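Peer 1: A single structure is presented below for examination.
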Amino acid sequence: ESIEKGGYPHFMLKEIFEQPRSIMDSMRGRLVAENTQLTMSSIREYENRFKNAQRIIIVACGTSWHAGLVAEYMIEELARIPVEVEYASEFRYRNPIITEGDIVIAISQSGETADTLAALELAKSKGALIFGVCNVVGSSIARATDAGAYTHAGPEIGVASTKAFTAQVTVLTLIAMMLAEKRGTIEKSALHQLMMEMEQVPAKVEKALQLDKEIQAIAEIFKDSSNFIYLGRGLNFPVALEGALKLKEISYIHAEGYPAAEMKHGPIALIDENMPVVVIATKDNSYEKVVSNIQEVRARKGRVIAIVTEGDTVIPEMAEFVIEVPETHEVLVPLLSVIPLQLLSYHIAVMRGCNVDQPRNLAKSVTVE
Ligand code: G6P
């Protein structure tokens, strides 16, 4: 087992550090930025269905559902197709309205999650085109779909998903870009620029991973907290949910992810000098708004740990701790902003003596209802 861990103390840490490669592997052969070229044969095969899709419904569970939320923002922004993201377990039991013009994307690392499989079977019976984004080749979900694109994250052993998430987001970004190109909703120059940035992501993730020691020091300070709040807006809202999920899964600390502006409708009541608040505040079009959310937290003595874009000079003045991630295209930020959150939860869990790779009560894949 120690050989399989490749010198890392846990699979989770190994998998976190594998992300530059797993993201690269998930793009390989699909993106040639220099020629503004995107290839995904499964989409080409159903080109007209995708081009004319009335709606895309994404079904998934857990971390895969968070990747779906990221995709919702990206597909709507780039390809202008309405997207709904559903918990597979809810979708399958509420007599959903599905038509033949719909495309259902099922996202699953294992390809074996019972609820996701049942949700896609239901959608299939109503005539929707079913597209899978799975990591495990030949898995039940991969076999049940009409078409799909594998994530090439490699085997993920740690129960808490890390590299599978970023691989899913990578593949979904490529899908959003392809749909935008086919539907003519993006200028060629803008697409080219986005693709050039996308190619840089693995190197930038590598750089973000160098924050490890810095994050370990922050983990040391907050390891005994009983609660955490994670805030983000836009594409960083699902990242906030994912950061909170990672922390609760492996450290058993109660954590809530919230859209930053929604904080004032509830969670703000929880904020006092004992509440760590992780705010994802990278430079994007909601930046100014997030800055005021940080001020609201500070005014109530909350302890702010901010994830910012490299070179930010404003937030370091107001946040107690600042973690800088490299600058990238707005759409690609989740691939970088999630990295420090994975590391933070990992270190806190290790410091609390938790079984990081196999947390209590959780299974890597939930094959029964
Ligand atoms: C379980 C795992 C999670 C995972 C979820 C969905 O709860 O512990 O890490 O996100 O299932 O799994 P899937 O294989 O469908 O992505």
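Here, A, B, ... name the chains of the structure tokens in the order displayed, residue numbers run from 1 inside each chain, and ligands are numbered from 1 in the same displayed order.
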Neighbours of region 232-239 of chain A within 7 Å (only C-alpha atoms; same-chain residues fewer than 2 positions away dropped), as an mmCIF file with C-alpha atoms, in the first residue's frame?
Peer 2:
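Contents of out-v8.cif, freshly written:
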data_model
loop_
_atom_site.group_PDB
_atom_site.id
_atom_site.type_symbol
_atom_site.label_atom_id
_atom_site.label_comp_id
_atom_site.auth_asym_id
_atom_site.auth_seq_id
_atom_site.Cartn_x
_atom_site.Cartn_y
_atom_site.Cartn_z
ATOM 1 C CA HIS A 66 -20.882 20.369 -7.428
ATOM 2 C CA LEU A 69 -23.170 23.384 -10.700
ATOM 3 C CA VAL A 70 -19.912 24.709 -12.116
ATOM 4 C CA TYR A 73 -22.639 28.509 -14.964
ATOM 5 C CA TYR A 230 -17.485 28.918 3.135
ATOM 6 C CA LEU A 241 -20.016 24.107 -1.360
ATOM 7 C CA GLU A 242 -17.237 21.725 -2.314
ATOM 8 C CA GLY A 243 -14.811 23.213 0.222
ATOM 9 C CA TYR A 258 -23.230 29.533 0.971
ATOM 10 C CA PRO A 259 -23.540 32.008 -1.879
ATOM 11 C CA ALA A 260 -21.808 35.034 -0.325
ATOM 12 C CA VAL A 279 -14.198 33.450 1.365
ATOM 13 C CA ILE A 280 -13.321 32.759 -2.241
ATOM 14 C CA ALA A 281 -12.666 36.229 -3.516
ATOM 15 C CA SER A 286 -18.442 39.778 -8.506
ATOM 16 C CA PRO A 334 -12.805 26.873 -9.950
ATOM 17 C CA VAL A 338 -10.652 24.557 -5.109
#
Peer 1: Mind listing the residues within 9 Å of ligand 1, only C-alpha atoms and all ligand atoms counted, as an MDAnalysis selection string?
Peer 2: chainID A and resid 60:66 106:117 134:136 141 158:162 164:165 246 249 362:367
Peer 1: Just the selected residues (N, CA and C atoms), exported as an mmCIF file, in the first residue's frame, please.
Peer 2:
data_model
loop_
_atom_site.group_PDB
_atom_site.id
_atom_site.type_symbol
_atom_site.label_atom_id
_atom_site.label_comp_id
_atom_site.auth_asym_id
_atom_site.auth_seq_id
_atom_site.Cartn_x
_atom_site.Cartn_y
_atom_site.Cartn_z
ATOM 1 N N ALA A 60 -26.552 14.241 -10.749
ATOM 2 C CA ALA A 60 -25.346 13.748 -10.075
ATOM 3 C C ALA A 60 -25.589 13.749 -8.572
ATOM 4 N N CYS A 61 -24.607 13.262 -7.827
ATOM 5 C CA CYS A 61 -24.648 13.269 -6.362
ATOM 6 C C CYS A 61 -23.307 13.769 -5.833
ATOM 7 N N GLY A 62 -23.326 14.285 -4.621
ATOM 8 C CA GLY A 62 -22.089 14.627 -3.910
ATOM 9 C C GLY A 62 -21.216 15.627 -4.670
ATOM 10 N N THR A 63 -19.946 15.317 -4.680
ATOM 11 C CA THR A 63 -18.983 16.202 -5.341
ATOM 12 C C THR A 63 -19.294 16.343 -6.830
ATOM 13 N N SER A 64 -19.767 15.264 -7.441
ATOM 14 C CA SER A 64 -20.096 15.329 -8.871
ATOM 15 C C SER A 64 -21.214 16.337 -9.120
ATOM 16 N N TRP A 65 -22.102 16.457 -8.156
ATOM 17 C CA TRP A 65 -23.182 17.450 -8.270
ATOM 18 C C TRP A 65 -22.576 18.863 -8.241
ATOM 19 N N HIS A 66 -21.552 19.065 -7.449
ATOM 20 C CA HIS A 66 -20.882 20.369 -7.428
ATOM 21 C C HIS A 66 -20.232 20.673 -8.774
ATOM 22 N N ALA A 106 -25.187 12.938 -17.072
ATOM 23 C CA ALA A 106 -24.999 12.255 -15.782
ATOM 24 C C ALA A 106 -23.514 12.310 -15.451
ATOM 25 N N ILE A 107 -23.209 12.887 -14.291
ATOM 26 C CA ILE A 107 -21.795 12.990 -13.890
ATOM 27 C C ILE A 107 -21.558 12.025 -12.735
ATOM 28 N N SER A 108 -20.547 11.192 -12.872
ATOM 29 C CA SER A 108 -20.238 10.249 -11.784
ATOM 30 C C SER A 108 -18.795 9.773 -11.882
ATOM 31 N N GLN A 109 -18.075 9.936 -10.813
ATOM 32 C CA GLN A 109 -16.704 9.430 -10.787
ATOM 33 C C GLN A 109 -16.723 7.922 -10.977
ATOM 34 N N SER A 110 -17.430 7.219 -10.096
ATOM 35 C CA SER A 110 -17.408 5.752 -10.087
ATOM 36 C C SER A 110 -18.198 5.148 -11.236
ATOM 37 N N GLY A 111 -19.224 5.884 -11.663
ATOM 38 C CA GLY A 111 -20.132 5.333 -12.671
ATOM 39 C C GLY A 111 -21.055 4.278 -12.078
ATOM 40 N N GLU A 112 -21.121 4.191 -10.763
ATOM 41 C CA GLU A 112 -21.910 3.139 -10.117
ATOM 42 C C GLU A 112 -22.934 3.684 -9.126
ATOM 43 N N THR A 113 -23.043 4.980 -8.975
ATOM 44 C CA THR A 113 -23.963 5.532 -7.976
ATOM 45 C C THR A 113 -25.414 5.196 -8.341
ATOM 46 N N ALA A 114 -26.087 4.509 -7.427
ATOM 47 C CA ALA A 114 -27.416 3.965 -7.723
ATOM 48 C C ALA A 114 -28.415 5.061 -8.118
ATOM 49 N N ASP A 115 -28.424 6.172 -7.389
ATOM 50 C CA ASP A 115 -29.398 7.223 -7.686
ATOM 51 C C ASP A 115 -29.153 7.845 -9.063
ATOM 52 N N THR A 116 -27.892 8.043 -9.391
ATOM 53 C CA THR A 116 -27.571 8.667 -10.681
ATOM 54 C C THR A 116 -27.964 7.732 -11.829
ATOM 55 N N LEU A 117 -27.708 6.450 -11.623
ATOM 56 C CA LEU A 117 -28.064 5.460 -12.641
ATOM 57 C C LEU A 117 -29.583 5.433 -12.837
ATOM 58 N N CYS A 134 -17.998 10.180 -16.854
ATOM 59 C CA CYS A 134 -17.601 9.198 -15.839
ATOM 60 C C CYS A 134 -16.090 9.050 -15.820
ATOM 61 N N ASN A 135 -15.610 8.568 -14.696
ATOM 62 C CA ASN A 135 -14.163 8.324 -14.607
ATOM 63 C C ASN A 135 -13.828 6.852 -14.840
ATOM 64 N N VAL A 136 -14.723 5.974 -14.393
ATOM 65 C CA VAL A 136 -14.411 4.548 -14.493
ATOM 66 C C VAL A 136 -14.927 3.980 -15.815
ATOM 67 N N ILE A 141 -22.882 3.314 -15.316
ATOM 68 C CA ILE A 141 -23.430 4.560 -15.882
ATOM 69 C C ILE A 141 -22.856 4.794 -17.280
ATOM 70 N N GLY A 158 -9.020 7.694 -2.347
ATOM 71 C CA GLY A 158 -9.525 8.472 -1.212
ATOM 72 C C GLY A 158 -11.034 8.638 -1.356
ATOM 73 N N VAL A 159 -11.756 8.438 -0.267
ATOM 74 C CA VAL A 159 -13.215 8.550 -0.353
ATOM 75 C C VAL A 159 -13.632 9.974 -0.720
ATOM 76 N N ALA A 160 -12.945 10.946 -0.155
ATOM 77 C CA ALA A 160 -13.262 12.334 -0.489
ATOM 78 C C ALA A 160 -12.678 12.636 -1.874
ATOM 79 N N SER A 161 -13.555 13.023 -2.764
ATOM 80 C CA SER A 161 -13.148 13.204 -4.161
ATOM 81 C C SER A 161 -12.365 14.507 -4.366
ATOM 82 N N THR A 162 -11.247 14.416 -5.051
ATOM 83 C CA THR A 162 -10.441 15.617 -5.321
ATOM 84 C C THR A 162 -10.105 15.695 -6.812
ATOM 85 N N ALA A 164 -10.927 13.731 -9.125
ATOM 86 C CA ALA A 164 -12.056 13.424 -10.004
ATOM 87 C C ALA A 164 -12.879 14.692 -10.244
ATOM 88 N N PHE A 165 -13.000 15.525 -9.204
ATOM 89 C CA PHE A 165 -13.757 16.774 -9.342
ATOM 90 C C PHE A 165 -13.123 17.689 -10.396
ATOM 91 N N LYS A 246 -15.795 18.934 1.636
ATOM 92 C CA LYS A 246 -14.514 18.266 1.921
ATOM 93 C C LYS A 246 -14.213 18.309 3.410
ATOM 94 N N GLU A 249 -16.651 16.025 5.425
ATOM 95 C CA GLU A 249 -16.434 14.595 5.135
ATOM 96 C C GLU A 249 -15.261 14.014 5.926
ATOM 97 N N LEU A 362 -18.903 6.876 5.488
ATOM 98 C CA LEU A 362 -18.957 7.212 4.072
ATOM 99 C C LEU A 362 -18.424 6.071 3.209
ATOM 100 N N ALA A 363 -18.938 6.002 1.984
ATOM 101 C CA ALA A 363 -18.441 4.998 1.039
ATOM 102 C C ALA A 363 -17.948 5.718 -0.205
ATOM 103 N N LYS A 364 -16.987 5.127 -0.859
ATOM 104 C CA LYS A 364 -16.459 5.741 -2.084
ATOM 105 C C LYS A 364 -17.542 5.808 -3.154
ATOM 106 N N SER A 365 -18.320 4.749 -3.208
ATOM 107 C CA SER A 365 -19.392 4.816 -4.189
ATOM 108 C C SER A 365 -20.623 4.156 -3.576
ATOM 109 N N VAL A 366 -21.756 4.827 -3.737
ATOM 110 C CA VAL A 366 -22.971 4.389 -3.065
ATOM 111 C C VAL A 366 -23.845 3.649 -4.068
ATOM 112 N N THR A 367 -23.728 2.321 -4.049
ATOM 113 C CA THR A 367 -24.369 1.527 -5.098
ATOM 114 C C THR A 367 -25.746 1.023 -4.688
#
Peer 1: Select from region 186-219 of chain A every residue with an atom at most 12 Å from any atom of region 21-38 of chain A, then for each give the shortest pair of atoms and their distance in Å to one decimal, using only C-alpha atoms, rows by chain and rising number, as JSON lines.
Peer 2:
{"residue": "A:Glu187", "atom": "CA", "partner": "A:Thr36", "partner_atom": "CA", "distance": 11.3}
{"residue": "A:Lys188", "atom": "CA", "partner": "A:Thr36", "partner_atom": "CA", "distance": 8.0}
{"residue": "A:Ser189", "atom": "CA", "partner": "A:Thr36", "partner_atom": "CA", "distance": 8.8}
{"residue": "A:Ala190", "atom": "CA", "partner": "A:Thr36", "partner_atom": "CA", "distance": 10.1}
{"residue": "A:Leu191", "atom": "CA", "partner": "A:Thr36", "partner_atom": "CA", "distance": 7.2}
{"residue": "A:His192", "atom": "CA", "partner": "A:Thr36", "partner_atom": "CA", "distance": 5.3}
{"residue": "A:Gln193", "atom": "CA", "partner": "A:Ala33", "partner_atom": "CA", "distance": 8.2}
{"residue": "A:Leu194", "atom": "CA", "partner": "A:Ala33", "partner_atom": "CA", "distance": 8.5}
{"residue": "A:Met195", "atom": "CA", "partner": "A:Ala33", "partner_atom": "CA", "distance": 5.0}
{"residue": "A:Met196", "atom": "CA", "partner": "A:Ala33", "partner_atom": "CA", "distance": 5.2}
{"residue": "A:Glu197", "atom": "CA", "partner": "A:Ala33", "partner_atom": "CA", "distance": 8.6}
{"residue": "A:Met198", "atom": "CA", "partner": "A:Ala33", "partner_atom": "CA", "distance": 8.1}
{"residue": "A:Glu199", "atom": "CA", "partner": "A:Ala33", "partner_atom": "CA", "distance": 7.0}
{"residue": "A:Gln200", "atom": "CA", "partner": "A:Met24", "partner_atom": "CA", "distance": 9.5}
{"residue": "A:Val201", "atom": "CA", "partner": "A:Ile23", "partner_atom": "CA", "distance": 8.0}
{"residue": "A:Pro202", "atom": "CA", "partner": "A:Met24", "partner_atom": "CA", "distance": 6.1}
{"residue": "A:Ala203", "atom": "CA", "partner": "A:Arg21", "partner_atom": "CA", "distance": 9.3}
{"residue": "A:Lys204", "atom": "CA", "partner": "A:Ile23", "partner_atom": "CA", "distance": 11.1}
{"residue": "A:Val205", "atom": "CA", "partner": "A:Ile23", "partner_atom": "CA", "distance": 9.1}
{"residue": "A:Glu206", "atom": "CA", "partner": "A:Arg21", "partner_atom": "CA", "distance": 9.2}
Peer 1: Nearest residue to Arg44 (chain A) out of A:Lys182, A:Lys124, A:Arg92, A:Arg298, using only C-alpha atoms?
Peer 2: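 Smallest distance to Arg44 (chain A) is found for A:Lys182.
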Peer 1: Using only C-alpha atoms, which of A:Ala208, A:Cys354, A:Ile339, A:Val297 sits nearest Met275 (chain A)?
Peer 2: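 Of all the options, A:Val297 lies closest to Met275 (chain A).
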Peer 1: Between A:Ala71, A:Ala167, A:Arg183, A:Phe50, which has the minimum distance to Glu18 (chain A) (counting only C-alpha atoms)?
Peer 2: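 Ranked by minimum distance to Glu18 (chain A), first place goes to A:Ala167.
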Peer 1: Quick check for you: according to DSSP on this backbone, which residues of region 167-353 of chain A are classed as strand (DSSP E or B)? Reply as a ChimeraX atom specification.
Peer 2: /A:227-232,254-259,276-281,303-309,321-325
